[in-house]
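One structure below.
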Amino acid sequence: MTLNQEQLFEIKAFIEKKGFTYIDVQMEILDHIASLVEEKLNANPNLSFADAAAETYKSFGITGLHNTSNEIISSINKRYSRYFWKNFTSLFGFRYILISCFLVFAAYKMLAFIGKDDFYKFNIICMLVTTVGGLFAGFLIKDYKKYLSFKSGISFLSFLMSGLFFTNLLINKVPASITVFSLNAWQVAAAGSAVLFAVYFISAFKTAKTGLNESKSIIEKYKILYA
């Protein structure tokens, strides 16, 4: 037996009363409960929906649903973490290692041309742009904050400022006069951190995009319940 829309609404209302914040987590719980209710109704056709639902709710116990919620949240967070690190490490794989080395070399030469002070100013500008861009983007996508998939997907973007700060720290701490194997130490450090930051940004952006697309898919899938 498949539950109808009205019955799904009743389960949804029950879940919302439990205080679960994220819509996609609610939907995972709803799917789980609905499947259990359907199993009970199929096993006993004489059982009413209300009784089947009540038995299912009772079977979770006092903290059962919250345990289920925590498992779902952990699963979603781990999935996006794996996706991010897969993207990040892939950019240092055999296919991209030569490109990465070339970018470090190009950044090193560029730093020699523009100088330490100008690069520091450029980094400060990047920090300001990142801050303003983050605030603006947060305003545009506020409706997606109800979805854990989206929140987990964009979580890595929040560390971009830390990357820029780390690059600034290298610029300030490494003296411009030190050389290693005839290479300027601060240029090597700054070039390496700049390329690392770029790789991180690409990986974080791809992860955020995946989270956004998955949230859109969830919205489309459950638009009847959350219209």
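If you're wondering about the labels, chains in the structure tokens are A, B, ... by order shown, residues count from 1 in each chain, ligands from 1 in order shown.
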(request) Based on DSSP run over this structure's backbone, return all residues of stretch 12-223 of chain A in strand (DSSP E), as a PyMOL selection string. (result) chain A and resi 179-180+183-184
Please produce a file of the residues just selected, as a PDB file, in the first residue's frame, where the atoms kept are all heavy atoms.
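In the end it all went to out.pdb:
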ATOM      1  N   THR A 179      66.980  33.375   0.437  1.00  0.00           N
ATOM      2  CA  THR A 179      66.909  32.555  -0.775  1.00  0.00           C
ATOM      3  C   THR A 179      67.180  31.091  -0.427  1.00  0.00           C
ATOM      4  O   THR A 179      67.934  30.789   0.501  1.00  0.00           O
ATOM      5  CB  THR A 179      67.938  33.014  -1.827  1.00  0.00           C
ATOM      6  OG1 THR A 179      69.255  32.939  -1.261  1.00  0.00           O
ATOM      7  CG2 THR A 179      67.647  34.431  -2.280  1.00  0.00           C
ATOM      8  N   VAL A 180      66.553  30.207  -1.174  1.00  0.00           N
ATOM      9  CA  VAL A 180      66.751  28.763  -1.015  1.00  0.00           C
ATOM     10  C   VAL A 180      67.015  28.190  -2.402  1.00  0.00           C
ATOM     11  O   VAL A 180      66.157  28.282  -3.285  1.00  0.00           O
ATOM     12  CB  VAL A 180      65.514  28.090  -0.384  1.00  0.00           C
ATOM     13  CG1 VAL A 180      65.739  26.588  -0.263  1.00  0.00           C
ATOM     14  CG2 VAL A 180      65.203  28.698   0.976  1.00  0.00           C
ATOM     15  N   LEU A 183      66.446  30.541  -5.081  1.00  0.00           N
ATOM     16  CA  LEU A 183      65.065  30.995  -5.244  1.00  0.00           C
ATOM     17  C   LEU A 183      64.675  31.853  -4.049  1.00  0.00           C
ATOM     18  O   LEU A 183      65.021  31.547  -2.909  1.00  0.00           O
ATOM     19  CB  LEU A 183      64.108  29.804  -5.351  1.00  0.00           C
ATOM     20  CG  LEU A 183      64.303  28.874  -6.549  1.00  0.00           C
ATOM     21  CD1 LEU A 183      63.375  27.669  -6.426  1.00  0.00           C
ATOM     22  CD2 LEU A 183      64.031  29.615  -7.855  1.00  0.00           C
ATOM     23  N   ASN A 184      63.958  32.925  -4.327  1.00  0.00           N
ATOM     24  CA  ASN A 184      63.501  33.797  -3.256  1.00  0.00           C
ATOM     25  C   ASN A 184      62.467  33.060  -2.401  1.00  0.00           C
ATOM     26  O   ASN A 184      61.449  32.582  -2.902  1.00  0.00           O
ATOM     27  CB  ASN A 184      62.885  35.069  -3.851  1.00  0.00           C
ATOM     28  CG  ASN A 184      62.524  36.073  -2.776  1.00  0.00           C
ATOM     29  OD1 ASN A 184      61.529  35.921  -2.098  1.00  0.00           O
ATOM     30  ND2 ASN A 184      63.358  37.101  -2.635  1.00  0.00           N
TER      31      ASN A 184
END
(message) I'd like the neighbourhood of A:Gln7 as a list in words, where a residue qualifies if any of its atoms comes within 10 Å (using only C-alpha atoms), though same-chain residues fewer than 5 positions away should be ignored.
(response) Thr2, Lys12, Ala13, Ala34, Phe49, Ala50 and Ala53 of chain A
Mind running stretch 21-132 of chain A against stretch 148-151 of chain A at 9 Å and telling me each contacting residue's nearest atom pair with the distance in Å (one decimal), counting only C-alpha atoms, chain and number ascending, as a Markdown table?
| residue | atom | partner | partner_atom | distance |
| --- | --- | --- | --- | --- |
| A:Thr21 | CA | A:Leu148 | CA | 8.8 |
| A:Tyr22 | CA | A:Leu148 | CA | 5.7 |
| A:Ile23 | CA | A:Leu148 | CA | 7.6 |
| A:Asp24 | CA | A:Leu148 | CA | 6.5 |
| A:Val25 | CA | A:Leu148 | CA | 7.1 |
| A:Ile73 | CA | A:Leu148 | CA | 7.5 |
| A:Ile76 | CA | A:Ser149 | CA | 6.6 |
| A:Asn77 | CA | A:Ser149 | CA | 7.8 |
| A:Tyr80 | CA | A:Ser149 | CA | 8.0 |
(message) Using only C-alpha atoms, can you tell me which of A:Ser193, A:Thr63, A:Asn4, A:Thr68 comes closest to A:His32?
(response)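 Going through A:Ser193, A:Thr63, A:Asn4, A:Thr68 one by one, the smallest distance to A:His32 is for A:Thr68.
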